[in-house]
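Undergrad: Dropping in work_21.txt, which is compact mmCIF, C-alpha atoms and all ligand atoms:
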# COMPACT_ATOMS: atom_id res chain seq x y z
CA MET A 238 104.00 110.78 68.74
CA VAL A 239 103.37 109.81 72.32
CA GLY A 240 106.48 107.63 72.23
CA MET A 241 108.63 110.49 70.94
CA HIS A 242 107.53 112.78 73.73
CA MET A 243 108.08 110.08 76.32
CA ASP A 244 111.59 109.37 75.06
CA ARG A 245 112.44 113.03 75.06
CA TYR A 246 111.75 113.39 78.77
CA MET A 247 112.81 109.97 80.06
CA LYS A 248 116.39 111.10 80.64
CA PHE A 249 115.16 113.79 83.02
CA LEU A 250 113.28 111.40 85.30
CA ALA A 251 114.63 110.45 88.70
CA GLU A 252 115.43 106.78 89.06
CA ARG A 253 112.62 106.27 91.58
CA THR A 254 110.07 107.71 89.14
CA SER A 255 110.36 104.69 86.87
CA SER A 256 108.41 102.61 89.40
CA LEU A 257 105.41 104.90 88.89
CA ALA A 258 104.11 103.02 85.84
CA ALA A 259 100.58 103.89 84.72
CA SER A 260 98.39 100.86 85.02
CA GLU A 261 97.18 99.44 81.73
CA ILE A 262 93.93 98.42 83.42
CA ARG A 263 93.29 101.94 84.69
CA GLU A 264 93.77 103.27 81.15
CA LEU A 265 91.38 100.67 79.82
CA LEU A 266 88.76 101.45 82.44
CA LYS A 267 88.98 105.15 81.60
CA LEU A 268 87.73 104.28 78.11
CA THR A 269 84.51 102.91 79.59
CA GLU A 270 83.48 106.25 81.14
CA GLY A 271 80.26 107.64 79.71
CA LYS A 272 79.50 104.38 77.84
CA ASP A 273 76.81 101.85 78.68
CA VAL A 274 79.23 99.94 80.87
CA ILE A 275 78.19 98.97 84.39
CA SER A 276 81.31 99.42 86.46
CA PHE A 277 82.14 97.21 89.41
CA ALA A 278 85.71 98.47 89.04
CA GLY A 279 85.68 101.58 91.21
CA GLY A 280 85.69 101.92 94.97
CA LEU A 281 83.46 104.96 95.35
CA PRO A 282 80.94 105.49 98.12
CA ASP A 283 77.30 105.82 97.05
CA PRO A 284 76.84 109.61 96.80
CA SER A 285 73.37 109.30 98.35
CA VAL A 286 75.25 108.65 101.62
CA PHE A 287 76.85 112.12 101.55
CA PRO A 288 75.03 114.40 104.02
CA LYS A 289 74.87 117.23 101.49
CA LYS A 290 72.40 119.47 103.27
CA GLU A 291 74.15 119.18 106.64
CA LEU A 292 77.62 119.69 105.14
CA GLY A 293 76.32 122.71 103.22
CA GLU A 294 75.05 124.26 106.43
CA ILE A 295 78.20 123.38 108.34
CA ALA A 296 80.52 124.75 105.62
CA ARG A 297 78.59 128.02 105.48
CA GLU A 298 78.57 128.43 109.22
CA VAL A 299 82.23 127.53 109.66
CA ILE A 300 83.32 130.01 106.99
CA ILE A 301 81.11 132.81 108.25
CA SER A 302 81.58 132.38 111.98
CA VAL A 303 85.22 131.18 112.26
CA GLY A 304 86.49 131.90 108.76
CA GLU A 305 89.51 133.81 110.03
CA ARG A 306 90.81 130.48 111.39
CA ALA A 307 89.09 127.98 109.06
CA LEU A 308 90.44 129.68 105.93
CA GLN A 309 93.92 130.23 107.35
CA TYR A 310 97.11 128.11 107.32
CA SER A 311 97.17 125.72 110.27
CA PRO A 312 99.65 123.44 112.09
CA THR A 313 101.17 120.57 110.07
CA ARG A 314 100.01 118.05 112.63
CA GLY A 315 96.40 119.23 112.38
CA VAL A 316 94.06 121.79 113.94
CA THR A 317 94.48 121.31 117.71
CA ALA A 318 90.75 121.27 118.52
CA PHE A 319 90.16 118.79 115.68
CA ILE A 320 92.86 116.46 117.06
CA GLU A 321 91.05 116.50 120.40
CA ALA A 322 87.73 115.77 118.65
CA LEU A 323 89.42 112.91 116.75
CA LYS A 324 90.71 111.34 119.94
CA GLY A 325 87.17 111.38 121.34
CA PHE A 326 85.81 109.93 118.10
CA ALA A 327 88.44 107.17 118.18
CA ALA A 328 87.66 106.28 121.81
CA LYS A 329 83.92 106.14 121.03
CA HIS A 330 84.63 103.61 118.29
CA ASN A 331 86.82 101.42 120.46
CA VAL A 332 90.14 102.64 119.05
CA LYS A 333 92.45 102.92 122.04
CA VAL A 334 94.44 106.14 122.38
CA ARG A 335 97.37 105.49 124.74
CA GLY A 336 99.00 108.19 126.85
CA GLU A 337 102.15 107.81 124.71
CA ASP A 338 100.19 108.30 121.47
CA ASP A 339 99.74 111.27 119.21
CA VAL A 340 97.69 112.07 116.13
CA VAL A 341 98.67 113.48 112.74
CA VAL A 342 95.82 114.63 110.48
CA THR A 343 96.46 113.62 106.88
CA THR A 344 95.10 114.24 103.39
CA GLY A 345 93.17 110.97 103.31
CA ALA A 346 94.38 107.62 104.59
CA GLN A 347 96.49 107.39 101.45
CA GLU A 348 98.78 110.16 102.66
CA ALA A 349 99.10 108.45 106.03
CA ILE A 350 100.25 105.26 104.28
CA TYR A 351 102.74 107.33 102.29
CA LEU A 352 104.07 109.24 105.32
CA ALA A 353 104.43 106.11 107.46
CA SER A 354 106.29 104.38 104.61
CA LYS A 355 108.53 107.39 104.03
CA VAL A 356 109.44 107.55 107.71
CA LEU A 357 110.00 103.81 108.15
CA PHE A 358 111.12 102.05 105.00
CA ASP A 359 114.59 101.80 103.57
CA GLU A 360 115.49 99.94 100.43
CA LYS A 361 115.14 96.16 100.90
CA ASP A 362 113.29 96.40 104.23
CA VAL A 363 110.76 93.56 104.38
CA VAL A 364 107.14 94.65 104.80
CA ALA A 365 104.63 91.86 105.31
CA VAL A 366 101.29 92.39 103.54
CA GLU A 367 98.13 90.40 103.12
CA GLU A 368 97.78 88.63 99.82
CA PRO A 369 95.79 89.99 98.09
CA THR A 370 96.32 93.52 99.43
CA TYR A 371 95.30 97.14 98.82
CA LEU A 372 97.03 98.03 95.57
CA ALA A 373 97.77 101.67 96.40
CA ALA A 374 99.59 100.64 99.60
CA LEU A 375 101.57 98.03 97.70
CA ASN A 376 102.59 100.70 95.18
CA VAL A 377 103.85 102.99 97.98
CA ILE A 378 105.83 100.13 99.58
CA LYS A 379 107.41 99.39 96.20
CA PHE A 380 108.09 103.10 95.55
CA PHE A 381 110.31 103.14 98.63
CA LYS A 382 111.96 99.95 97.30
CA ALA A 383 110.93 97.96 100.35
CA LYS A 384 110.19 94.27 99.75
CA PRO A 385 106.61 93.11 100.21
CA LEU A 386 106.33 89.69 101.87
CA ALA A 387 102.98 88.23 100.83
CA ILE A 388 101.00 86.35 103.46
CA PRO A 389 97.83 84.72 102.07
CA VAL A 390 94.40 85.45 103.53
CA ASP A 391 91.59 82.97 104.07
CA HIS A 392 88.07 83.49 105.45
CA GLU A 393 89.58 84.55 108.80
CA GLY A 394 91.93 87.11 107.30
CA MET A 395 95.71 86.94 107.16
CA ARG A 396 97.24 83.47 107.71
CA VAL A 397 99.25 84.59 110.71
CA ASP A 398 100.55 81.01 111.10
CA LEU A 399 102.29 81.36 107.73
CA LEU A 400 103.78 84.68 108.81
CA GLU A 401 105.11 82.90 111.89
CA GLU A 402 106.70 80.21 109.71
CA ALA A 403 108.50 82.88 107.70
CA LEU A 404 109.70 84.61 110.87
CA ARG A 405 110.92 81.31 112.31
CA ARG A 406 112.81 80.67 109.10
CA GLY A 407 114.68 83.89 109.84
CA VAL A 408 112.96 86.41 107.57
CA LYS A 409 113.50 89.80 109.21
CA VAL A 410 110.25 91.76 108.97
CA LYS A 411 110.38 95.48 109.75
CA ALA A 412 106.67 96.17 109.56
CA LEU A 413 103.39 94.66 108.50
CA TYR A 414 100.56 96.41 106.64
CA THR A 415 97.02 95.16 107.17
CA ASN A 416 93.36 96.01 106.53
CA ALA A 417 92.26 93.68 109.28
CA THR A 418 88.55 94.52 108.93
CA ALA A 419 86.64 94.07 105.66
CA GLN A 420 89.83 94.04 103.68
CA ASN A 421 90.27 95.71 100.31
CA PRO A 422 90.15 93.76 97.97
CA SER A 423 89.12 90.43 99.48
CA GLY A 424 86.43 91.61 101.93
CA THR A 425 87.76 89.24 104.60
CA THR A 426 88.16 90.10 108.29
CA MET A 427 90.94 88.94 110.60
CA SER A 428 89.66 86.94 113.57
CA LEU A 429 90.30 88.13 117.14
CA GLU A 430 92.54 85.14 117.78
CA ARG A 431 94.75 86.00 114.81
CA ARG A 432 94.88 89.67 115.83
CA LYS A 433 96.25 88.60 119.22
CA HIS A 434 98.64 86.13 117.66
CA LEU A 435 99.90 88.84 115.30
CA LEU A 436 100.66 91.15 118.23
CA GLU A 437 102.53 88.34 120.00
CA LEU A 438 104.64 87.86 116.89
CA ALA A 439 105.24 91.62 116.57
CA SER A 440 106.50 91.57 120.14
CA SER A 441 108.67 88.43 119.83
CA TYR A 442 110.15 89.35 116.46
CA ASP A 443 110.17 93.10 117.02
CA PHE A 444 108.24 94.64 114.13
CA LEU A 445 105.65 97.41 113.73
CA ILE A 446 102.09 97.06 112.48
CA LEU A 447 100.40 99.57 110.14
CA GLU A 448 96.69 99.00 110.66
CA ASP A 449 94.79 100.71 107.84
CA ASP A 450 91.15 100.76 108.92
CA PRO A 451 88.76 102.65 106.66
CA TYR A 452 86.00 100.06 107.01
CA GLY A 453 85.84 99.17 110.72
CA TYR A 454 83.33 101.99 111.35
CA PHE A 455 80.49 100.62 109.27
CA VAL A 456 80.58 96.89 109.71
CA PHE A 457 77.07 95.79 108.84
CA GLU A 458 77.03 92.29 110.24
CA GLY A 459 77.66 91.69 113.93
CA GLU A 460 79.87 93.83 116.13
CA SER A 461 82.79 95.75 114.70
CA PRO A 462 85.92 93.69 115.51
CA THR A 463 88.30 95.11 118.09
CA PRO A 464 91.06 97.04 116.29
CA ILE A 465 94.57 95.62 116.62
CA LYS A 466 95.51 99.07 117.95
CA THR A 467 93.20 98.53 120.92
CA LEU A 468 94.69 95.12 121.74
CA ASP A 469 98.25 96.46 121.59
CA GLU A 470 99.98 96.96 124.94
CA GLU A 471 103.44 97.83 123.60
CA GLY A 472 102.99 100.74 121.19
CA ARG A 473 103.67 98.65 118.08
CA VAL A 474 100.71 99.83 116.03
CA ILE A 475 100.33 102.86 113.79
CA TYR A 476 96.60 103.12 113.26
CA ILE A 477 95.34 104.81 110.08
CA SER A 478 91.79 105.78 109.19
CA THR A 479 89.76 108.22 107.13
CA PHE A 480 86.49 110.11 106.79
CA SER A 481 86.29 109.16 103.11
CA LYS A 482 83.78 106.35 103.57
CA ILE A 483 81.93 107.71 106.62
CA LEU A 484 81.46 111.33 105.56
CA ALA A 485 82.82 112.30 102.12
CA PRO A 486 86.09 111.46 100.32
CA GLY A 487 86.22 114.87 98.64
CA LEU A 488 87.02 116.48 101.99
CA ARG A 489 90.30 114.49 101.94
CA ILE A 490 90.60 114.05 105.68
CA GLY A 491 92.38 111.02 107.13
CA TRP A 492 94.41 110.55 110.29
CA MET A 493 97.09 108.46 111.87
CA LEU A 494 97.48 107.58 115.52
CA GLY A 495 100.59 106.06 117.02
CA PRO A 496 103.60 106.46 119.31
CA LYS A 497 104.61 110.11 119.79
CA GLU A 498 108.18 109.64 118.52
CA LEU A 499 106.95 108.19 115.24
CA MET A 500 104.21 110.79 114.84
CA ASN A 501 106.82 113.52 115.29
CA TYR A 502 108.70 112.15 112.29
CA ALA A 503 105.48 111.75 110.29
CA GLU A 504 104.79 115.43 110.97
CA LEU A 505 108.25 116.41 109.71
CA ALA A 506 107.74 114.30 106.59
CA LYS A 507 104.33 115.92 106.03
CA GLN A 508 105.92 119.37 106.16
CA ASN A 509 107.80 118.41 103.00
CA VAL A 510 104.70 117.13 101.26
CA ASP A 511 101.81 119.55 101.80
CA LEU A 512 102.46 121.77 104.87
CA HIS A 513 99.10 120.70 106.31
CA SER A 514 95.80 119.15 105.26
CA SER A 515 92.93 121.48 104.36
CA THR A 516 92.12 123.66 107.37
CA LEU A 517 88.58 124.18 106.11
CA SER A 518 87.96 120.44 105.75
CA GLN A 519 89.26 119.89 109.28
CA PHE A 520 86.85 122.49 110.69
CA ILE A 521 83.99 120.94 108.71
CA VAL A 522 84.72 117.40 109.87
CA MET A 523 85.14 118.60 113.47
CA GLU A 524 81.71 120.23 113.38
CA ALA A 525 80.20 117.18 111.63
CA ILE A 526 81.50 115.02 114.50
CA ARG A 527 80.12 117.47 117.09
CA ARG A 528 76.65 117.63 115.52
CA GLY A 529 76.34 113.85 115.11
CA THR A 530 76.43 114.11 111.29
CA VAL A 531 79.26 111.55 111.09
CA GLU A 532 77.37 109.03 113.25
CA ALA A 533 74.21 109.53 111.17
CA THR A 534 76.24 108.99 107.96
CA ILE A 535 77.73 105.83 109.41
CA GLU A 536 74.24 104.47 110.10
CA LYS A 537 73.10 105.35 106.59
CA ALA A 538 76.18 103.72 105.04
CA LYS A 539 75.67 100.59 107.12
CA SER A 540 72.09 100.02 106.05
CA LEU A 541 72.58 100.92 102.39
CA TYR A 542 75.74 98.89 101.86
CA ARG A 543 74.26 95.91 103.62
CA VAL A 544 71.37 95.86 101.15
CA LYS A 545 73.75 96.29 98.23
CA ARG A 546 76.08 93.56 99.44
CA ASP A 547 73.16 91.17 99.87
CA TYR A 548 71.93 92.05 96.42
CA MET A 549 75.31 91.34 94.88
CA LEU A 550 75.76 88.05 96.75
CA GLN A 551 72.31 86.97 95.63
CA ALA A 552 72.99 87.95 92.02
CA LEU A 553 76.25 85.97 92.14
CA GLU A 554 74.43 82.97 93.60
CA GLU A 555 71.79 83.08 90.88
CA ASN A 556 74.13 83.67 87.94
CA MET A 557 77.56 82.33 88.80
CA GLY A 558 76.71 79.38 91.04
CA GLY A 559 78.76 76.66 89.34
CA LEU A 560 81.35 78.99 87.87
CA ALA A 561 82.97 80.71 90.80
CA SER A 562 83.31 81.17 94.53
CA TRP A 563 83.35 84.51 96.32
CA THR A 564 83.94 86.11 99.69
CA LYS A 565 81.13 87.22 102.03
CA PRO A 566 82.24 90.55 103.49
CA ILE A 567 80.88 91.82 106.81
CA GLY A 568 81.66 95.38 105.74
CA GLY A 569 83.61 97.42 103.24
CA LEU A 570 82.87 97.87 99.59
CA PHE A 571 84.14 94.78 97.78
CA VAL A 572 83.62 91.11 97.00
CA LEU A 573 86.48 89.05 95.57
CA VAL A 574 85.34 86.46 93.06
CA SER A 575 87.51 83.43 92.18
CA LEU A 576 86.64 81.66 88.96
CA LYS A 577 86.76 77.88 89.11
CA GLU A 578 88.33 77.44 85.68
CA ARG A 579 91.76 79.04 85.22
CA VAL A 580 90.32 81.88 83.19
CA ASP A 581 92.61 84.93 82.96
CA THR A 582 90.45 87.82 84.15
CA ARG A 583 92.85 90.40 82.67
CA LYS A 584 92.28 89.04 79.19
CA MET A 585 88.58 88.55 79.86
CA LEU A 586 88.13 92.23 80.79
CA TYR A 587 88.11 93.30 77.11
CA LYS A 588 85.20 90.96 76.40
CA ALA A 589 83.41 91.97 79.60
CA ILE A 590 83.61 95.62 78.57
CA GLU A 591 82.18 94.70 75.16
CA ARG A 592 79.25 93.13 77.00
CA GLY A 593 78.89 96.24 79.13
CA VAL A 594 80.44 95.36 82.48
CA ALA A 595 83.79 96.16 84.11
CA TYR A 596 85.71 94.95 87.17
CA VAL A 597 89.28 95.03 88.43
CA PRO A 598 91.24 91.90 87.52
CA GLY A 599 92.61 90.45 90.73
CA ALA A 600 96.20 89.82 89.59
CA SER A 601 97.32 93.36 90.50
CA PHE A 602 96.50 92.78 94.18
CA PHE A 603 98.72 89.70 94.42
CA VAL A 604 102.47 89.75 94.98
CA SER A 605 103.59 86.14 94.79
CA ARG A 606 100.63 83.85 94.21
CA ASP A 607 98.71 83.70 91.00
CA GLY A 608 95.55 85.77 91.30
CA SER A 609 94.88 85.81 87.57
CA HIS A 610 91.56 83.95 87.89
CA THR A 611 90.16 86.42 90.47
CA MET A 612 88.38 89.75 90.16
CA ARG A 613 87.28 92.48 92.54
CA LEU A 614 83.69 93.65 92.38
CA ASN A 615 82.51 96.87 94.02
CA TYR A 616 78.93 96.95 95.26
CA SER A 617 78.75 100.35 96.99
CA TYR A 618 78.49 102.57 93.92
CA PRO A 619 76.26 100.79 91.35
CA SER A 620 72.49 100.87 91.81
CA LEU A 621 70.59 97.68 92.70
CA GLU A 622 69.42 97.42 89.10
CA GLN A 623 72.99 97.83 87.84
CA ILE A 624 74.21 95.17 90.26
CA ARG A 625 71.60 92.71 88.96
CA GLU A 626 72.22 93.48 85.28
CA GLY A 627 76.01 93.78 85.68
CA VAL A 628 76.35 90.36 87.31
CA ARG A 629 74.15 88.88 84.56
CA ARG A 630 76.46 90.35 81.90
CA LEU A 631 79.50 89.16 83.83
CA ALA A 632 78.16 85.61 84.08
CA ALA A 633 77.48 85.57 80.31
CA THR A 634 81.09 86.68 79.69
CA VAL A 635 82.49 84.01 82.00
CA LYS A 636 80.35 81.27 80.41
CA GLU A 637 81.56 82.21 76.96
CA GLU A 638 85.16 82.29 78.15
CA VAL A 639 84.88 78.89 79.81
CA ARG A 640 83.32 77.39 76.67
CA GLN A 641 86.24 78.63 74.60
CA ALA A 642 88.90 77.50 77.05
C1 LIG B 1 92.30 100.05 102.40
C2 LIG B 1 92.27 101.46 101.96
N1 LIG B 1 93.17 102.32 102.45
C3 LIG B 1 93.19 103.60 102.08
C4 LIG B 1 92.28 104.10 101.16
C5 LIG B 1 92.40 105.54 100.76
O1 LIG B 1 91.46 106.31 101.38
P1 LIG B 1 91.51 107.89 101.44
O2 LIG B 1 90.40 108.38 100.56
O3 LIG B 1 91.25 108.21 102.85
O4 LIG B 1 92.84 108.36 100.98
C6 LIG B 1 91.32 103.25 100.61
C7 LIG B 1 90.37 103.75 99.61
O5 LIG B 1 89.62 103.05 98.99
C8 LIG B 1 91.33 101.89 101.02
O6 LIG B 1 90.45 101.00 100.53
Could you show the structure in this file as structure tokens?
Ligand SMILES: Cc1ncc(COP(=O)(O)O)c(C=O)c1O

TA:
Amino acid sequence: MVGMHMDRYMKFLAERTSSLAASEIRELLKLTEGKDVISFAGGLPDPSVFPKKELGEIAREVIISVGERALQYSPTRGVTAFIEALKGFAAKHNVKVRGEDDVVVTTGAQEAIYLASKVLFDEKDVVAVEEPTYLAALNVIKFFKAKPLAIPVDHEGMRVDLLEEALRRGVKVKALYTNATAQNPSGTTMSLERRKHLLELASSYDFLILEDDPYGYFVFEGESPTPIKTLDEEGRVIYISTFSKILAPGLRIGWMLGPKELMNYAELAKQNVDLHSSTLSQFIVMEAIRRGTVEATIEKAKSLYRVKRDYMLQALEENMGGLASWTKPIGGLFVLVSLKERVDTRKMLYKAIERGVAYVPGASFFVSRDGSHTMRLNYSYPSLEQIREGVRRLAATVKEEVRQA
């Protein structure tokens, strides 16, 4: 039946729509909802981090005292006072706002990735990405038919030396997309030296950098690394961030910061997509910044996720010692596990779900190398008890799989 309906409408679809394939893994993971399956597959914040009481008070006050503006349409670029508040917030967190820069408020960082791609990428343009990389950015790059150029990461982030080799060979890169800090999915962070090297390459070979930085605000080990945006002297960086992980994702407020000319085009592109991001959410976030609610949430996220990360690393150590290696993130929400044997984690997922644990098979995050023996584990959402039990179930699944291989 489903097939019949699909066939009936296929002829109506635009050519570009065919690249929007539903992921088989996502469908499979949907089936686990409501069952006794401990999920390391998502990427959700721990809801105990949400400042519910404060946001409740703020929302009420904003609606009652400035509702005539907060409930109204607002400029595509963002509410002017909020943009000013954002620039202050950025500066406080060591994100440099240059005189030639402007801000566009977006519906989450995801929209910023989409708008930047829509403004910049033509068919066949080469966009360098980390390998592995954030799947939803990769999907946008592919949607615009640009060509991802995969540059592997190691424990110091993107192998910028390998990017340089490709550039020297004559590959013409138009832009590069990076989560330089606490990368999704690998959890690795680009070293300061590589950040500087990357900017030198961007200058010599004339390309732009999209720095997607949701995680730089709650690094829980050491200082937060200096954003590439802050090191940039030439206006080559479009910086993207979000309040999803440091306030609440349901507000859907992200932002992009970059050269005025480019932000003007991003604004025009946004007009076609959603006119503007939620005015009410912008007023709420602005007030949450002013009252210190965002900073308090950042502190809460830092301490909670640090404990959860440690718990997951310890559970991995105890249960998966000889079977796998894994990354040790300084922030973010994920650990990437690489199994020693060439076990296919896509196939293994069915058995893992039977044993009551789920993860995202790593292959989807890779463009050119084989990531089929890797998996991404989320530690922000499950409870400590679920982390312990989930890793135990996962180790039992891996052991069985290795025995059979
Ligand atoms: C690297 C990265 N970029 C962007 C996003 C999307 O965030 P938002 O909720 O702001 O759209 C996420 C969400 O997990 C992410 O990990």

Undergrad: Between atom CA of Leu484 of chain A and atom CA of Asp469 of chain A, what is the distance in Å, rounded to a tenth?

TA: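 Computing it gives 27.6 Å between the two atoms.
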
Undergrad: Please check which protein, DNA or RNA residues sit within 9 Å of ligand LIG 1 (chain B), counting only C-alpha atoms and all ligand atoms, and write them as number ranges by chain.

TA: A: 279-281, 343-350, 370-374, 415-416, 419-422, 449-452, 477-482, 485-492, 569-570

Undergrad: Restrict the selected residues to C-alpha atoms and save them as a PDB file, keeping the file's coordinate frame.

TA:
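Written output follows (again_7.pdb):
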ATOM      1  CA  GLY A 279      85.680 101.580  91.210  1.00  0.00           C
ATOM      2  CA  GLY A 280      85.690 101.920  94.970  1.00  0.00           C
ATOM      3  CA  LEU A 281      83.460 104.960  95.350  1.00  0.00           C
ATOM      4  CA  THR A 343      96.460 113.620 106.880  1.00  0.00           C
ATOM      5  CA  THR A 344      95.100 114.240 103.390  1.00  0.00           C
ATOM      6  CA  GLY A 345      93.170 110.970 103.310  1.00  0.00           C
ATOM      7  CA  ALA A 346      94.380 107.620 104.590  1.00  0.00           C
ATOM      8  CA  GLN A 347      96.490 107.390 101.450  1.00  0.00           C
ATOM      9  CA  GLU A 348      98.780 110.160 102.660  1.00  0.00           C
ATOM     10  CA  ALA A 349      99.100 108.450 106.030  1.00  0.00           C
ATOM     11  CA  ILE A 350     100.250 105.260 104.280  1.00  0.00           C
ATOM     12  CA  THR A 370      96.320  93.520  99.430  1.00  0.00           C
ATOM     13  CA  TYR A 371      95.300  97.140  98.820  1.00  0.00           C
ATOM     14  CA  LEU A 372      97.030  98.030  95.570  1.00  0.00           C
ATOM     15  CA  ALA A 373      97.770 101.670  96.400  1.00  0.00           C
ATOM     16  CA  ALA A 374      99.590 100.640  99.600  1.00  0.00           C
ATOM     17  CA  THR A 415      97.020  95.160 107.170  1.00  0.00           C
ATOM     18  CA  ASN A 416      93.360  96.010 106.530  1.00  0.00           C
ATOM     19  CA  ALA A 419      86.640  94.070 105.660  1.00  0.00           C
ATOM     20  CA  GLN A 420      89.830  94.040 103.680  1.00  0.00           C
ATOM     21  CA  ASN A 421      90.270  95.710 100.310  1.00  0.00           C
ATOM     22  CA  PRO A 422      90.150  93.760  97.970  1.00  0.00           C
ATOM     23  CA  ASP A 449      94.790 100.710 107.840  1.00  0.00           C
ATOM     24  CA  ASP A 450      91.150 100.760 108.920  1.00  0.00           C
ATOM     25  CA  PRO A 451      88.760 102.650 106.660  1.00  0.00           C
ATOM     26  CA  TYR A 452      86.000 100.060 107.010  1.00  0.00           C
ATOM     27  CA  ILE A 477      95.340 104.810 110.080  1.00  0.00           C
ATOM     28  CA  SER A 478      91.790 105.780 109.190  1.00  0.00           C
ATOM     29  CA  THR A 479      89.760 108.220 107.130  1.00  0.00           C
ATOM     30  CA  PHE A 480      86.490 110.110 106.790  1.00  0.00           C
ATOM     31  CA  SER A 481      86.290 109.160 103.110  1.00  0.00           C
ATOM     32  CA  LYS A 482      83.780 106.350 103.570  1.00  0.00           C
ATOM     33  CA  ALA A 485      82.820 112.300 102.120  1.00  0.00           C
ATOM     34  CA  PRO A 486      86.090 111.460 100.320  1.00  0.00           C
ATOM     35  CA  GLY A 487      86.220 114.870  98.640  1.00  0.00           C
ATOM     36  CA  LEU A 488      87.020 116.480 101.990  1.00  0.00           C
ATOM     37  CA  ARG A 489      90.300 114.490 101.940  1.00  0.00           C
ATOM     38  CA  ILE A 490      90.600 114.050 105.680  1.00  0.00           C
ATOM     39  CA  GLY A 491      92.380 111.020 107.130  1.00  0.00           C
ATOM     40  CA  TRP A 492      94.410 110.550 110.290  1.00  0.00           C
ATOM     41  CA  GLY A 569      83.610  97.420 103.240  1.00  0.00           C
ATOM     42  CA  LEU A 570      82.870  97.870  99.590  1.00  0.00           C
TER      43      LEU A 570
END

Undergrad: Grab the atom CA of Val342 of chain A to atom CA of Ile483 of chain A distance for me, in Å with one decimal place.

TA: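 It comes out at 16.0 Å.
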
Undergrad: For Tyr310 of chain A, which of A:Leu517, A:Ala600, A:Val364, A:Ala296 is the closest residue, counting all atoms listed in the file?

TA: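 Using all atoms listed in the file, the shortest distance to Tyr310 of chain A belongs to A:Leu517.
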
Undergrad: For a quick check of understanding, using all atoms listed in the file, which of A:Lys333, A:Arg613, A:Arg314, A:Arg528 has the smallest distance to Pro464 of chain A?

TA: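 Checking each of A:Lys333, A:Arg613, A:Arg314, A:Arg528 against Pro464 of chain A, counting all atoms listed in the file, the winner is A:Lys333.
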
Undergrad: Rank A:Ala365, A:Lys411, A:Lys577, A:Asn376 by their smallest atom-to-atom distance to Ala259 of chain A, using all atoms listed in the file, and report the top residue only.

TA: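 Among the listed residues, the smallest separation from Ala259 of chain A belongs to A:Asn376.
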
Undergrad: So which one's closest to Thr463 of chain A, A:Glu448, A:Glu402, A:Glu367, A:Glu524? Using all atoms listed in the file, please.

TA: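 Counting all atoms listed in the file, the residue closest to Thr463 of chain A is A:Glu448.
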
Undergrad: Neighbouring residues of Ile300 of chain A were defined as those with any atom within 12 Å, considering all atoms listed in the file; residues of the same chain fewer than 4 positions away were excluded. Please report them as a ChimeraX atom specification.

TA: /A:292-296,304-309,516-521,524

Undergrad: Quick one: pull the distance between atom CA of Lys382 of chain A and atom CA of Leu436 of chain A, Å, one decimal.

TA: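 For atom CA of Lys382 of chain A relative to atom CA of Leu436 of chain A, the distance reads 25.4 Å.
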
Undergrad: Measuring atom to atom with all atoms listed in the file, identify which of A:Ile388, A:Tyr442, A:Pro619, A:Met395 is nearest to Arg606 of chain A.

TA: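 Closest candidate: A:Ile388.
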
Undergrad: A:Pro598, A:Gly529, A:Pro312, A:Pro462: which is nearest Pro288 of chain A, counting all atoms listed in the file?

TA: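 Distance minimum relative to Pro288 of chain A lands on A:Gly529.
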
Undergrad: So that I can check the surroundings of segment 493-505 of chain A, please list as a list of chain:residue names every protein, DNA and RNA residue that reaches within 6 Å of it, counting all atoms listed in the file and ignoring chain neighbours fewer than 2 positions away.

TA: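 Selected residues are A:Arg314, A:Glu337, A:Asp338, A:Asp339, A:Val340, A:Val341, A:Leu352, A:Ile475, A:Tyr476, A:Ile477, A:Lys507, A:Gln508.
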
Undergrad: In file coordinates, which residues lie within 7 Å of (80.7, 97.4, 108.6) using all atoms listed in the file, given as number ranges by chain?

TA: A: 452-458, 461, 539, 567-569

Undergrad: So which residues touch Arg396 of chain A within 12 Å, counting only C-alpha atoms, skipping near sequence neighbours fewer than 5 positions away, as a list in words?

TA: Ala365, Val366, Glu367, Glu368, Pro369, Ala387, Ile388, Pro389, Val390, Asp391, Glu401, Glu402, Ala403, Thr415, Ala417, Thr425, Thr426, Met427, Ser428, Glu430, Arg431, Arg432, His434 and Leu435 of chain A

Undergrad: Give me the residues within 8 Å of Ser440 of chain A as an NGL selection string, counting all atoms listed in the file and dropping any in the same chain fewer than 4 places off.

TA: :A and (436 or 444 or 471 or 473)

Undergrad: Missing atoms in segment 515-519 of chain A need filling: write out N, CA and C atoms for it as a short mmCIF file (atom, residue, chain, number, x, y, z; two decimals), keeping the file's coordinate frame.

TA:
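For reference, rebuild27.cif as written:
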data_model
loop_
_atom_site.label_atom_id
_atom_site.label_comp_id
_atom_site.auth_asym_id
_atom_site.auth_seq_id
_atom_site.Cartn_x
_atom_site.Cartn_y
_atom_site.Cartn_z
N SER A 515 93.85 120.34 104.46
CA SER A 515 92.93 121.48 104.36
C SER A 515 92.37 121.90 105.73
N THR A 516 92.64 123.14 106.11
CA THR A 516 92.12 123.66 107.37
C THR A 516 90.59 123.65 107.35
N LEU A 517 90.04 124.10 106.23
CA LEU A 517 88.58 124.18 106.11
C LEU A 517 87.94 122.79 106.28
N SER A 518 88.51 121.80 105.61
CA SER A 518 87.96 120.44 105.75
C SER A 518 88.04 119.98 107.20
N GLN A 519 89.14 120.32 107.88
CA GLN A 519 89.26 119.89 109.28
C GLN A 519 88.17 120.53 110.14
#
